[in-house]
Amino acid sequence: MGDYAVVGKSLPRVDAAEKLTGAARYTADVRLPGMLRGKILRSPLPHARIVSIDTTRAERLRGVHAVIMGRDTAGLRVAFVDTPKYPADEPPFALDRVRYIGDEVAAVAAIDEETAREALSLIRVEYEPLPAVFTAADALRPEAPLIHEFDYPGKTIWEDWGARGRPAGDPVPRTSNVAARTAVAFGDVDAGFAAASHVREDRFETVPVAHAPMEPHAAVAWFDPSGKLSMHVSSMGIFYKRFVLAKALGVPISQVRIHKSYVGGAFGGKIDVFPYEVGAALLARKSGRPVLIELSREESLTATRMDFHANVRVKTGVDRDGLITAQDIQVIVDTGAYRGSGPVVVFLCYSYNIPVYRVPALRYEGLAVYTNNPVKGPKRGHGAPFIRFAVDSHMDMLAEDLGIDMVELMRRNARDRGEVMPTSGDTLRSCGLKDALAAAARDGQWAARRRRTDWRSSERYRRGVGMSACSMFSGSPYYPFGSAAVIKLHDDGGATLFAGTVEMGQGSETTLSQIAAEELGVPLDDIRIVSGDTELTPIEFGSFLSGGAFVTGKAVRLAAADAKRQLFEMAARLLEADVRDLEARDKRISVQGAPHRSLTYAEIIALSVKHASGDPIIGKGSVKSVPDAELHPSLSTARGRWTEAYGFAAQLAEVEVDTWTGTVEVRRLVTYHDCGFPLNPQVVEGQIEGCVSMALGQTLQERIDLRQGQVFNPDFLGYRLPITHDMPAMVSGMIHSDEPYGPFGAKEVGEGAVSGVMAAVANAVYDAIGVRITSLPITPAKVMAGLDRARGGRG
Amino acid sequence: MAPNPSRKRQSRRGAAQSGMSLSMENGIHYHLPETVSEAVGLLARHGAAARALAGGTDLVPALKLGILGARHLVSLRRVPGLRDIALDGDRDVVIGALATLRAVATSPLVEHACAALAEAAGRTGSPLLRNRGTLGGNVCLDTRCWYFNQSEAWRASRDRCQKAGGARCHVNERENRCVALFSADTPAALMVAGARVELAGPSGMRWIGIEALYSGEGRAPLALAPGEIVTRIRIPKPLAGWRTAYVKHAVRESIDFPILGVAAGVELAPDGTIHAARVAVTGARSAPVRLPEVENAVGGRRLADVGDGDLARIATRALGPLFLSDAVPHKRLLAGLMTVDALARAAGEDSGRRRS
Amino acid sequence: MKRLIQLTVNGQAHDLVVTPVGTLLDVLRDDLGLTGAKRGCDLGACGACTVILDGRPVNSCLTLAVEADGSDVATIEGVAAPGRLHPVQEAFAVHGAVQCGFCTPGMVLVTKSLLDECPEPEDRQIREALSGNLCRCTGYVKVLDAVRAAARRLRAREGVR
């Protein structure tokens with residue numbers, strides 16, 4: 001590992017001062033002259049036919065400037081997945097049918113919130129209720145009502161990028177509520193089970209949880225006189241948003257500009273293009289004025305996206321030494337009223353799981369099923385939390401069956417560097433999984449505490465420890481498939497970095513600036529970054545699939561190297577020396593062995609402008625997320641390259657269970673994350689700590705309380721995010737595995753550490769009280785019921 | 001699968017997901033009286049259409065959700081003396097209804113008179129809420145329900161519930177009777193303290209025991225005459241050896257309403273014998289409740305002689321059948337164990353039944 | 001029925017016309033353009049809208065503007081001196097307590113208020129003081145680090161004087 005001056009250092013974030021003084025502007029903070037407020041009318045019913053909509057009274061209300069509804073977006077369908085196999089299925093505003101409570105029916109723009117609300121109350125909608133289903137199991141029954149009667153194949157947004165389209169034709173009748181299916185098989189599964197000395201099968205369940213970023217979703221839209229659309233949005237990747245919005249609105253990509261906003265947290269929940277964004281644009285077009293739509297917390301929690309309800313069945317065969325001989329996994333998710341990211345999550349439950357343990361033979365099936373529940377989307381880890389909860393709870397049970405220590409069982413099955421992933425061909429060029437396991441076990445005092453009672457405190461309070469591990473991609477082939485960056489050098493030797501990243505808390509402005517500074521050989525203070533604007537920056541991958549630092553960071557490094565090369569070439573010309581004889585130090589280039597023959601960066605840049613046709617020196621770099629991949633991998637077969645590098649983490653939980661109240665307190669959470677190389681250790685720690693906090697919420701207390709398709713806790717009183725008191729002692733360590741393909745050896749860090757917590761805690765609870773909890777969250781009610789069963793009581 | 005809905009067509013008026021509801025916002029009146037009698041006069045004049053406004057931490061959410069059911073807000077902030085916490089002579093502590101929960105939680109007078117009250121006030125909501133929220137507001141907190149404390153748009157998915165003026169209770173469908181829960185922390189402690197509340201109304205002032213303030217009805221939990229408000233709360237001077245504690249069980253240690261709160265007070269002899277005890281529970285029913293059977297069971301004995309298990313069983317039995325939700329099916333058991341914990345703390349085991 | 005109120009915000013007096021149901025948060029964001037206080041939940045359960053009202057941090061989303069008439073309000077925009085961060089802000093920056101930044105104004109105001117009143121808080125007091133301010137990014141670890149560091153820094157500064 002190199003000796004670096006700027007990367008690898010815990011430097012303060014470049015966006016800190018703006019955020020600390022209230023100056024940082026988020027989308028809902030944008031104020032424009034004449035700006036209207038938009039509000040959305042949503043379905044109160046889970047499934048119904050729309051008989052009629054009457055907006056005339058709303059349109060007549062003084063102060064109302066525009067009203068839109070389904071007929072304004074007729075024929076238009078938008079979706080997270082829009083491929084020939086899975087064509088987009090969500091009309092931004094309902095046409096003839098609503099499919100969940102919260103489905104968009106109409107929208108208004110008015111001079112203020114009050115008027116907009118009053119206008120909504122004047123819209124009359126006549127519904128004819130239809131039978132509804134609220135679980136995947138019910139939706140799969142033959143007699144279940146079809147939630148989507150047709151698929152609408154046609155030109156998908158991916159076609160420009162090489163996806164083969166199905167010719168647009170008549171709608172294709174659907175016969176079931178299966179929204180997507182992934183099936184994978186390799187090795188001889190039957191022989192593997194036959195050869196096993198022990199086989200067990202378990203079932204697990206997770207319920208929907210919310211992303212709940214502190215900033216509710218918002219959008220601002222306006223058209224300039226030339227007809228160009230400008231928007232501020234809550235996003236995670238501005239080029240993806242621009243691409244989908246342009247297609248949805250039927251305007252050329254270059255006629256849409258996303259302007260910079262800070263984003264107040266996203267966690268996967270702000271990738272999609274949402275109806276309120278399309279609505280803001282249409283209302284702006286219709287009214288001729290800027291429109292701000294700020295979703296309420298209730299709307300953000302109920303009608304954007306949430307994590308999946310999942311049922312996981314895992315069957316594993318192991319030999320006498322505990323080595324896996326075969327595995328059979330089925331995942332069924334309730335994807336809600338529209339496909340959302342269902343087709344992706346059933347693919348990822350396979351591909352985020354397979355890098356952890358060596359499995360010689362596997363049968364995997366993932367089903368995403370339509371219901372009349374709210375729509376599901378990617379949330380930090382995107383499937384990994386529930387598949388890892390299932391598989392590592394199951395491993396803990398296997399370990400007990402076999403009488404092998406869990407950490408030892410994990411170690412024996414864990415993958416190593418150099419292994420190749422089945423069906424994708426990805427190679428683990430770096431893999432610190434075993435190192436992470438060992439480090440977490442050491443810091444969590446595994447050997448001293450596991451299966452031991454001597455450190456437990458009392459009859460009422462019992463303690464235990466548990467372990468789990470997980471893995472994550474570092475970017476994937478997904479629109480826009482890569483990132484570019486530009487660096488412009490200034491007269492004084494400073495530089496401006498142009499990168500399309502969205503700063504949503506992950507620290508991308510800081511780490512990318514650090515990369516640029518390191519490569520250029522200047523202090524961080526010399527770098528200014530322009531980000532988050534599709535007009536001012538080159539294309540960028542986006543901060544999802546954990547590709548931000550890995551993909552865009554590499555583009556930035558290449559851009560800085562390009563600028564530096566030009567500096568050296570100009571210096572060679574000016575110093576009349578061979579470029580190979582030059583060296584740079586402290587923003588000065590000199591001839592080796594002749595320090596008096598030198599020029600400062602500032603002098604070189606100034607002279608370059610003066611002498612080289614005004615050349616100011618601009619560096620450019622670009623990189624593909626997965627260079628070998630033509631297009632995204634097949635979601636239904638998992639074939640095709642997935643990623644260039646995998647992050648790994650091992651996580652240990654120490655819990656104390658109050659057997660009187662059933663409350664589980666996590667006392668200590670140890671994470672070792674193989675992030676390749678920490679570009680900014682403080683930022684990396686912050687990502688791990690945030691992952692752990694979010695994961696603990698999901699493990700112990702968070703749950704979208706859905707009953708008959710309605711969210712019963714659509715606010716922060718009922719949807720309980722962790723608070724200061726809830727945080728355990730945390731150890732957040734990093735394993736340096738030095739990823740050869742990553743910038744300075746770096747790879748994924750923002751998502752991995754979310755997925756090992758659930759099983760670690762569940763396994764620790766079992767260690768403490770002998771109660772196996774197989775569904776999340778681990779509530780006091782479940783613990784009490786489990787204790788009751790264990791005591792032989794009614795249960 | 002949902003039962004096949006009737007194919008009857010339904011016409012719906014739109015509503016926003018949250019924010020001020022329309023019926024509230026249009027033509028709401030704000031009054032700023034300067035005396036109690038002026039305030040009471042306003043409340044009496046507007047009857048059910050008026051609400052007294054103290055800290056607003058519960059009233060403003062109700063206003064935003066459209067469940068306040070009032071068009072006149074009568075602010076009490078200009079009325080003098082309602083924020084005071086003072087000794088009445090050298091005896092009782094008298095607390096103005098507008099004293100903030102923070103002031104109550106940190107007052108040495110309150111701490112001395114009833115530690116459980118300081119503790120309950122200090123565990124109500126979050127520090128931010130306690131800086132605005134008042135003791136009077138907490139004592140008069142409305143009962144809460146999953147089907148009621150929701151936005152207008154949310155509630156549009158089904159018929160109005162009883163508490164919102166409709167005919168049905170969506171929770172207690174069998175009896176069709178509102179079972180909205182009373183979830184304020186401080187009243188349980190006030191019951192244990194034997195507190196009395198001063199009511200001001202159109203026909204003057206009166207003092208009643210705190211228990212008489214509650215009707216037990218989910219729909220209308222306060223037994224107040226029209227136009228009446230709580231103006232002061234009186235904590236009697238504690239007897240020698242009188243000690244109290246409050247135990248709160250909630251999902252989180254801040255922000256949340258209690259799943260259950262148990263306050264206990266014991267008059268303790270030097271040898272640990274409990275001469276007399278009081279126990280009250282909040283979060284279990286539509287009003288805070290005393291548990292006299294528990295009080296009798298520990299009277300004249302030492303806590304250790306009763307035994308945790310027996311005591312818990314007595315408390316559970318005393319609480320009687322509860323309307324239970326899936327989230328806390330073990331609430332009765334929990335109430336029993338928390339009663340043990342609260343009594344243990346009151347009786348001087350600082351950590352209750354937690355290890356030291 | 002609208003009312004005229006007077007607010008002193010960050011030392012400057014404002015006369016404002018407000019509706020009876022307008023909140024202090026609405027007035028700050030929409031009438032005064034002070035968007036540092038955020039609308040996170042609008043029901044008092046997240047703390048993103050925190051401002052200091054007459055010396056105490058409160059949820060401005062639950063404070064009716066009419067009820068704040070005559071009050072003194074401090075918002076995040078008034079914490080730093082021109083060109084110089086307050087020691088609490090400085091500590092948040094150095095200790096990595098800022099991620100997405102949406103909860104940050106509230107966190108800073110609560111911390112400042114805590115340390116003004118209690119220069120040597122115990123850990124338990126720090127956690128309690130911040131327990132009404134939600135953060136989804138940091139897991140609070142670095143926020144708590146920053147508060148401890150700010151307390152040390154402020155004490156050192158007092159000591160110098």
# chains A, B, ... in the order shown; residues from 1 in each chain; ligands from 1
$ residues_around --residues "B:Arg51" --least-positions-apart "2" --cutoff "12 Å" --atoms "only C-alpha atoms" --output "CSV table (one decimal) with C-alpha atoms, in the first residue's frame"
chain,number,residue,atom,x,y,z
B,28,ILE,CA,-60.0,28.8,12.9
B,29,HIS,CA,-60.1,31.4,15.7
B,30,TYR,CA,-57.3,32.1,18.1
B,31,HIS,CA,-58.1,33.7,21.5
B,39,ALA,CA,-60.5,32.0,29.3
B,40,VAL,CA,-63.3,30.0,30.9
B,42,LEU,CA,-64.5,31.8,26.0
B,43,LEU,CA,-64.5,28.1,26.4
B,44,ALA,CA,-68.0,28.1,27.7
B,45,ARG,CA,-69.3,30.3,25.0
B,46,HIS,CA,-67.9,28.1,22.2
B,47,GLY,CA,-68.6,24.8,23.9
B,48,ALA,CA,-67.4,21.8,22.0
B,49,ALA,CA,-66.0,24.0,19.3
B,53,LEU,CA,-54.2,25.6,24.3
B,54,ALA,CA,-51.3,25.0,26.6
B,56,GLY,CA,-49.4,22.6,22.0
B,58,ASP,CA,-50.3,17.3,21.5
B,59,LEU,CA,-52.9,19.8,20.3
B,60,VAL,CA,-50.9,20.9,17.2
B,62,ALA,CA,-54.2,16.8,16.4
B,63,LEU,CA,-54.9,20.1,14.5
B,68,LEU,CA,-59.0,18.2,17.1
B,69,GLY,CA,-62.7,18.9,16.3
B,70,ALA,CA,-62.5,22.5,17.4
B,71,ARG,CA,-62.6,25.9,15.7
B,72,HIS,CA,-61.6,28.1,18.6
B,73,LEU,CA,-58.2,27.9,20.3
B,74,VAL,CA,-58.1,29.5,23.7
B,75,SER,CA,-54.5,30.1,24.5
B,76,LEU,CA,-53.7,30.1,28.2
B,137,GLY,CA,-51.6,19.3,29.0
B,140,CYS,CA,-55.5,16.2,30.0
B,142,ASP,CA,-56.5,12.7,24.8
B,226,PRO,CA,-68.5,22.2,29.8
B,227,GLY,CA,-66.0,25.1,29.8
B,228,GLU,CA,-63.9,23.6,32.6
B,229,ILE,CA,-60.1,23.5,32.5
$ closest_atom_pairs --of "stretch 10-110 of chain C" --to "stretch 503-509 of chain A" --cutoff "9 Å" --atoms "only C-alpha atoms" --output "CSV"
residue,atom,partner,partner_atom,distance
C:Val98,CA,A:Gly505,CA,7.7
C:Gln99,CA,A:Gly505,CA,4.1
C:Cys100,CA,A:Gly505,CA,3.4
C:Gly101,CA,A:Gly505,CA,6.9
$ write_last_selection --atoms "C-alpha atoms" --output "PDB file, in the first residue's frame"
ATOM      1  CA  VAL C  98     -22.142  15.502   9.608  1.00  0.00           C
ATOM      2  CA  GLN C  99     -23.330  13.210   6.861  1.00  0.00           C
ATOM      3  CA  CYS C 100     -26.431  14.137   4.892  1.00  0.00           C
ATOM      4  CA  GLY C 101     -26.759  17.226   7.062  1.00  0.00           C
TER       5      GLY C 101
END
$ closest_residue --among "B:Thr143, B:Ser151, B:Ser157, B:Thr186" --to "B:Ala284" --atoms "only C-alpha atoms"
B:Thr143
$ closest_atom_pairs --of "chain C" --to "chain B" --cutoff "6 Å" --atoms "only C-alpha atoms" --output "JSON lines"
{"residue": "C:Pro20", "atom": "CA", "partner": "B:Tyr30", "partner_atom": "CA", "distance": 5.8}
{"residue": "C:Leu43", "atom": "CA", "partner": "B:Pro61", "partner_atom": "CA", "distance": 5.7}
{"residue": "C:Pro57", "atom": "CA", "partner": "B:Leu128", "partner_atom": "CA", "distance": 5.9}
{"residue": "C:Val58", "atom": "CA", "partner": "B:Leu128", "partner_atom": "CA", "distance": 4.7}
{"residue": "C:Leu62", "atom": "CA", "partner": "B:Val60", "partner_atom": "CA", "distance": 5.7}
{"residue": "C:Ser131", "atom": "CA", "partner": "B:Ser254", "partner_atom": "CA", "distance": 5.9}
{"residue": "C:Gly132", "atom": "CA", "partner": "B:Ser126", "partner_atom": "CA", "distance": 4.9}
$ write_last_selection --atoms "C-alpha atoms" --output "compact mmCIF listing (two decimals), in the first residue's frame"
# COMPACT_ATOMS: atom_id res chain seq x y z
CA PRO C 20 -53.71 31.12 13.67
CA LEU C 43 -45.29 16.08 14.07
CA PRO C 57 -34.66 24.14 22.13
CA VAL C 58 -38.14 23.26 20.85
CA LEU C 62 -45.38 22.14 16.89
CA SER C 131 -32.72 11.90 22.22
CA GLY C 132 -35.44 13.88 20.45
$ residues_around --residues "B:Val298" --least-positions-apart "4" --cutoff "12 Å" --atoms "only C-alpha atoms" --output "JSON, numbers by chain"
{"B": [264, 265, 266, 267, 268, 272, 273, 274, 275, 276, 277, 278, 279, 291, 292, 293, 294, 302, 303, 304, 305, 306, 307, 308, 310, 311, 312, 314, 315, 339, 340, 343, 344, 347]}
$ write_last_selection --atoms "N, CA and C atoms" --output "mmCIF file, in the first residue's frame"
data_model
loop_
_atom_site.group_PDB
_atom_site.id
_atom_site.type_symbol
_atom_site.label_atom_id
_atom_site.label_comp_id
_atom_site.auth_asym_id
_atom_site.auth_seq_id
_atom_site.Cartn_x
_atom_site.Cartn_y
_atom_site.Cartn_z
ATOM 1 N N ALA B 264 -45.420 3.714 41.740
ATOM 2 C CA ALA B 264 -45.660 3.091 43.040
ATOM 3 C C ALA B 264 -45.198 4.035 44.132
ATOM 4 N N GLY B 265 -45.900 4.008 45.256
ATOM 5 C CA GLY B 265 -45.490 4.782 46.429
ATOM 6 C C GLY B 265 -45.621 3.893 47.648
ATOM 7 N N VAL B 266 -44.649 3.972 48.527
ATOM 8 C CA VAL B 266 -44.721 3.158 49.749
ATOM 9 C C VAL B 266 -44.373 4.013 50.963
ATOM 10 N N GLU B 267 -45.065 3.739 52.045
ATOM 11 C CA GLU B 267 -44.705 4.352 53.316
ATOM 12 C C GLU B 267 -43.904 3.294 54.060
ATOM 13 N N LEU B 268 -42.628 3.581 54.214
ATOM 14 C CA LEU B 268 -41.689 2.544 54.602
ATOM 15 C C LEU B 268 -41.229 2.735 56.046
ATOM 16 N N GLY B 272 -38.068 -1.796 56.838
ATOM 17 C CA GLY B 272 -38.449 -2.252 55.508
ATOM 18 C C GLY B 272 -39.914 -2.647 55.409
ATOM 19 N N THR B 273 -40.631 -2.591 56.499
ATOM 20 C CA THR B 273 -42.057 -2.914 56.439
ATOM 21 C C THR B 273 -42.807 -1.787 55.729
ATOM 22 N N ILE B 274 -43.699 -2.187 54.856
ATOM 23 C CA ILE B 274 -44.505 -1.206 54.120
ATOM 24 C C ILE B 274 -45.795 -0.977 54.900
ATOM 25 N N HIS B 275 -45.929 0.241 55.434
ATOM 26 C CA HIS B 275 -47.160 0.527 56.162
ATOM 27 C C HIS B 275 -48.329 0.660 55.200
ATOM 28 N N ALA B 276 -48.082 1.401 54.132
ATOM 29 C CA ALA B 276 -49.153 1.613 53.158
ATOM 30 C C ALA B 276 -48.514 1.783 51.780
ATOM 31 N N ALA B 277 -49.290 1.499 50.761
ATOM 32 C CA ALA B 277 -48.740 1.608 49.398
ATOM 33 C C ALA B 277 -49.811 2.102 48.438
ATOM 34 N N ARG B 278 -49.339 2.717 47.388
ATOM 35 C CA ARG B 278 -50.241 3.054 46.278
ATOM 36 C C ARG B 278 -49.568 2.638 44.971
ATOM 37 N N VAL B 279 -50.360 2.097 44.064
ATOM 38 C CA VAL B 279 -49.837 1.696 42.750
ATOM 39 C C VAL B 279 -50.842 2.151 41.696
ATOM 40 N N LEU B 291 -54.334 0.089 41.502
ATOM 41 C CA LEU B 291 -54.423 -1.355 41.728
ATOM 42 C C LEU B 291 -54.559 -1.603 43.233
ATOM 43 N N PRO B 292 -55.760 -1.432 43.788
ATOM 44 C CA PRO B 292 -55.917 -1.536 45.246
ATOM 45 C C PRO B 292 -55.554 -2.913 45.797
ATOM 46 N N GLU B 293 -55.790 -3.967 45.006
ATOM 47 C CA GLU B 293 -55.465 -5.306 45.515
ATOM 48 C C GLU B 293 -53.967 -5.434 45.807
ATOM 49 N N VAL B 294 -53.159 -4.808 44.947
ATOM 50 C CA VAL B 294 -51.710 -4.853 45.174
ATOM 51 C C VAL B 294 -51.370 -4.034 46.415
ATOM 52 N N ARG B 302 -43.107 -6.797 54.418
ATOM 53 C CA ARG B 302 -41.920 -6.376 53.688
ATOM 54 C C ARG B 302 -42.011 -6.953 52.293
ATOM 55 N N LEU B 303 -41.462 -6.219 51.334
ATOM 56 C CA LEU B 303 -41.600 -6.625 49.935
ATOM 57 C C LEU B 303 -41.044 -8.028 49.705
ATOM 58 N N ALA B 304 -39.898 -8.286 50.331
ATOM 59 C CA ALA B 304 -39.241 -9.576 50.137
ATOM 60 C C ALA B 304 -40.129 -10.712 50.637
ATOM 61 N N ASP B 305 -40.988 -10.401 51.625
ATOM 62 C CA ASP B 305 -41.830 -11.464 52.176
ATOM 63 C C ASP B 305 -42.989 -11.828 51.255
ATOM 64 N N VAL B 306 -43.338 -10.900 50.374
ATOM 65 C CA VAL B 306 -44.450 -11.196 49.468
ATOM 66 C C VAL B 306 -43.973 -12.101 48.338
ATOM 67 N N GLY B 307 -42.805 -11.822 47.830
ATOM 68 C CA GLY B 307 -42.284 -12.622 46.714
ATOM 69 C C GLY B 307 -42.665 -12.023 45.374
ATOM 70 N N ASP B 308 -41.679 -11.924 44.508
ATOM 71 C CA ASP B 308 -41.901 -11.276 43.209
ATOM 72 C C ASP B 308 -43.003 -11.958 42.406
ATOM 73 N N ASP B 310 -45.557 -13.910 43.271
ATOM 74 C CA ASP B 310 -46.912 -13.716 43.801
ATOM 75 C C ASP B 310 -47.402 -12.298 43.552
ATOM 76 N N LEU B 311 -46.500 -11.362 43.812
ATOM 77 C CA LEU B 311 -46.870 -9.959 43.660
ATOM 78 C C LEU B 311 -47.261 -9.660 42.206
ATOM 79 N N ALA B 312 -46.462 -10.193 41.295
ATOM 80 C CA ALA B 312 -46.746 -9.977 39.876
ATOM 81 C C ALA B 312 -48.098 -10.570 39.510
ATOM 82 N N ILE B 314 -50.632 -11.052 41.489
ATOM 83 C CA ILE B 314 -51.705 -10.241 42.092
ATOM 84 C C ILE B 314 -51.961 -9.002 41.222
ATOM 85 N N ALA B 315 -50.864 -8.388 40.781
ATOM 86 C CA ALA B 315 -51.005 -7.174 39.967
ATOM 87 C C ALA B 315 -51.704 -7.480 38.647
ATOM 88 N N THR B 339 -44.977 -3.815 38.025
ATOM 89 C CA THR B 339 -45.441 -3.421 39.367
ATOM 90 C C THR B 339 -44.407 -3.842 40.413
ATOM 91 N N VAL B 340 -43.897 -5.047 40.272
ATOM 92 C CA VAL B 340 -42.842 -5.520 41.179
ATOM 93 C C VAL B 340 -41.645 -4.568 41.125
ATOM 94 N N LEU B 343 -42.471 -1.124 42.739
ATOM 95 C CA LEU B 343 -42.513 -1.197 44.205
ATOM 96 C C LEU B 343 -41.112 -1.368 44.769
ATOM 97 N N ALA B 344 -40.312 -2.186 44.116
ATOM 98 C CA ALA B 344 -38.942 -2.409 44.590
ATOM 99 C C ALA B 344 -38.149 -1.111 44.559
ATOM 100 N N ALA B 347 -39.334 1.162 47.255
ATOM 101 C CA ALA B 347 -38.924 0.681 48.568
ATOM 102 C C ALA B 347 -37.414 0.756 48.769
#
$ interface_residues --of "chain A" --to "chain B" --cutoff "6 Å" --atoms "only C-alpha atoms" --output "list in words"
Pro44, Leu45, Arg117, Leu120, Ser121, Ile123, Arg124, Val125, Glu126, Tyr127, Glu128, Pro129, Pro131, Ala132, Val133, Asp138 and Ala781 of chain A
$ interface_residues --of "chain C" --to "chain A" --cutoff "9 Å" --atoms "only C-alpha atoms" --output "VMD selection string"
chain C and resid 29 to 30 33 to 46 48 75 to 80 85 89 to 90 92 to 105 108 124 126 to 128 130 to 142 144
$ residues_around --residues "stretch 546-555 of chain A" --least-positions-apart "6" --cutoff "10 Å" --atoms "only C-alpha atoms" --output "VMD selection string"
chain A and resid 236 to 237 380 to 381 472 to 477 481 to 486 499 to 502 506 to 509 511 to 516 539 to 540 561 620 to 626 643 to 647 679 739 741 to 752
$ select_by_dssp --residues "stretch 38-156 of chain C" --states "alpha helix (DSSP H)" --output "PyMOL selection string"
chain C and resi 87-94+104-117+123-129+141-156
$ atom_distance --atom1 "atom CA of B:Leu87" --atom2 "atom CA of B:Leu109"
7.5 Å
$ select_by_dssp --residues "stretch 63-172 of chain B" --states "strand (DSSP E)" --output "list in words"
His72, Leu73, Val74, Ser75, Ile85, Ala86, Leu87, Asp88, Asp92, Val93, Val94, Ile95 and Gly96 of chain B
$ write_last_selection --atoms "C-alpha atoms" --output "PDB file, in the first residue's frame"
ATOM      1  CA  HIS B  72     -61.587  28.051  18.625  1.00  0.00           C
ATOM      2  CA  LEU B  73     -58.191  27.857  20.266  1.00  0.00           C
ATOM      3  CA  VAL B  74     -58.094  29.489  23.662  1.00  0.00           C
ATOM      4  CA  SER B  75     -54.465  30.105  24.528  1.00  0.00           C
ATOM      5  CA  ILE B  85     -44.334  25.654  41.026  1.00  0.00           C
ATOM      6  CA  ALA B  86     -44.504  26.680  44.679  1.00  0.00           C
ATOM      7  CA  LEU B  87     -44.969  25.510  48.237  1.00  0.00           C
ATOM      8  CA  ASP B  88     -48.315  26.342  49.701  1.00  0.00           C
ATOM      9  CA  ASP B  92     -48.293  21.038  49.690  1.00  0.00           C
ATOM     10  CA  VAL B  93     -46.589  21.673  46.410  1.00  0.00           C
ATOM     11  CA  VAL B  94     -48.847  23.480  43.977  1.00  0.00           C
ATOM     12  CA  ILE B  95     -48.007  23.274  40.285  1.00  0.00           C
ATOM     13  CA  GLY B  96     -49.587  25.533  37.686  1.00  0.00           C
TER      14      GLY B  96
END
$ residues_around --residues "stretch 783-786 of chain A" --least-positions-apart "6" --cutoff "9 Å" --atoms "only C-alpha atoms" --output "ChimeraX atom specification"
/A:657,659-664,765,770-773,794-795 /B:330
$ write_last_selection --atoms "N, CA and C atoms" --output "compact mmCIF listing (two decimals), in the first residue's frame"
# COMPACT_ATOMS: atom_id res chain seq x y z
N VAL A 657 -30.73 -9.89 27.09
CA VAL A 657 -32.17 -10.04 26.97
C VAL A 657 -32.80 -9.89 28.35
N THR A 659 -35.58 -10.92 30.39
CA THR A 659 -36.57 -11.99 30.28
C THR A 659 -37.90 -11.60 30.92
N TRP A 660 -37.94 -10.46 31.59
CA TRP A 660 -39.23 -9.99 32.13
C TRP A 660 -40.03 -9.26 31.07
N THR A 661 -39.35 -8.44 30.29
CA THR A 661 -40.07 -7.62 29.31
C THR A 661 -39.91 -8.13 27.88
N GLY A 662 -38.96 -9.02 27.67
CA GLY A 662 -38.69 -9.49 26.32
C GLY A 662 -37.83 -8.54 25.50
N THR A 663 -37.34 -7.50 26.14
CA THR A 663 -36.55 -6.50 25.42
C THR A 663 -35.14 -7.02 25.17
N VAL A 664 -34.68 -6.87 23.94
CA VAL A 664 -33.31 -7.23 23.59
C VAL A 664 -32.49 -5.95 23.49
N VAL A 765 -29.20 -13.77 20.50
CA VAL A 765 -30.39 -13.99 21.34
C VAL A 765 -30.52 -15.48 21.65
N GLY A 770 -31.67 -19.29 24.41
CA GLY A 770 -32.10 -20.54 23.78
C GLY A 770 -33.39 -20.42 22.99
N VAL A 771 -33.72 -19.19 22.60
CA VAL A 771 -34.94 -18.99 21.79
C VAL A 771 -34.51 -18.56 20.39
N ARG A 772 -35.00 -19.29 19.39
CA ARG A 772 -34.64 -19.00 18.00
C ARG A 772 -35.73 -18.13 17.38
N ILE A 773 -35.37 -16.92 17.04
CA ILE A 773 -36.33 -16.03 16.38
C ILE A 773 -36.04 -16.08 14.88
N ARG A 794 -48.03 -22.36 27.43
CA ARG A 794 -48.86 -22.24 26.23
C ARG A 794 -48.08 -21.41 25.21
N GLY A 795 -48.26 -21.70 24.02
CA GLY A 795 -47.50 -20.89 23.10
C GLY A 795 -48.18 -20.74 21.82
N HIS B 330 -48.52 -9.62 25.64
CA HIS B 330 -48.14 -9.99 27.01
C HIS B 330 -48.26 -8.80 27.97
$ atom_distance --atom1 "atom CA of A:Glu535" --atom2 "atom CA of A:Ser613"
26.1 Å
$ residues_around --residues "B:Arg232" --least-positions-apart "2" --cutoff "8 Å" --atoms "only C-alpha atoms" --output "ChimeraX atom specification"
/B:82,94-97,136,197-199,230,234
$ residues_around --residues "A:Gly38" --least-positions-apart "3" --cutoff "12 Å" --atoms "only C-alpha atoms" --output "VMD selection string"
(chain A and resid 28 35 41 63 to 68 106 to 120 218 to 221 276 to 284 287 289 to 296) or (chain B and resid 16)
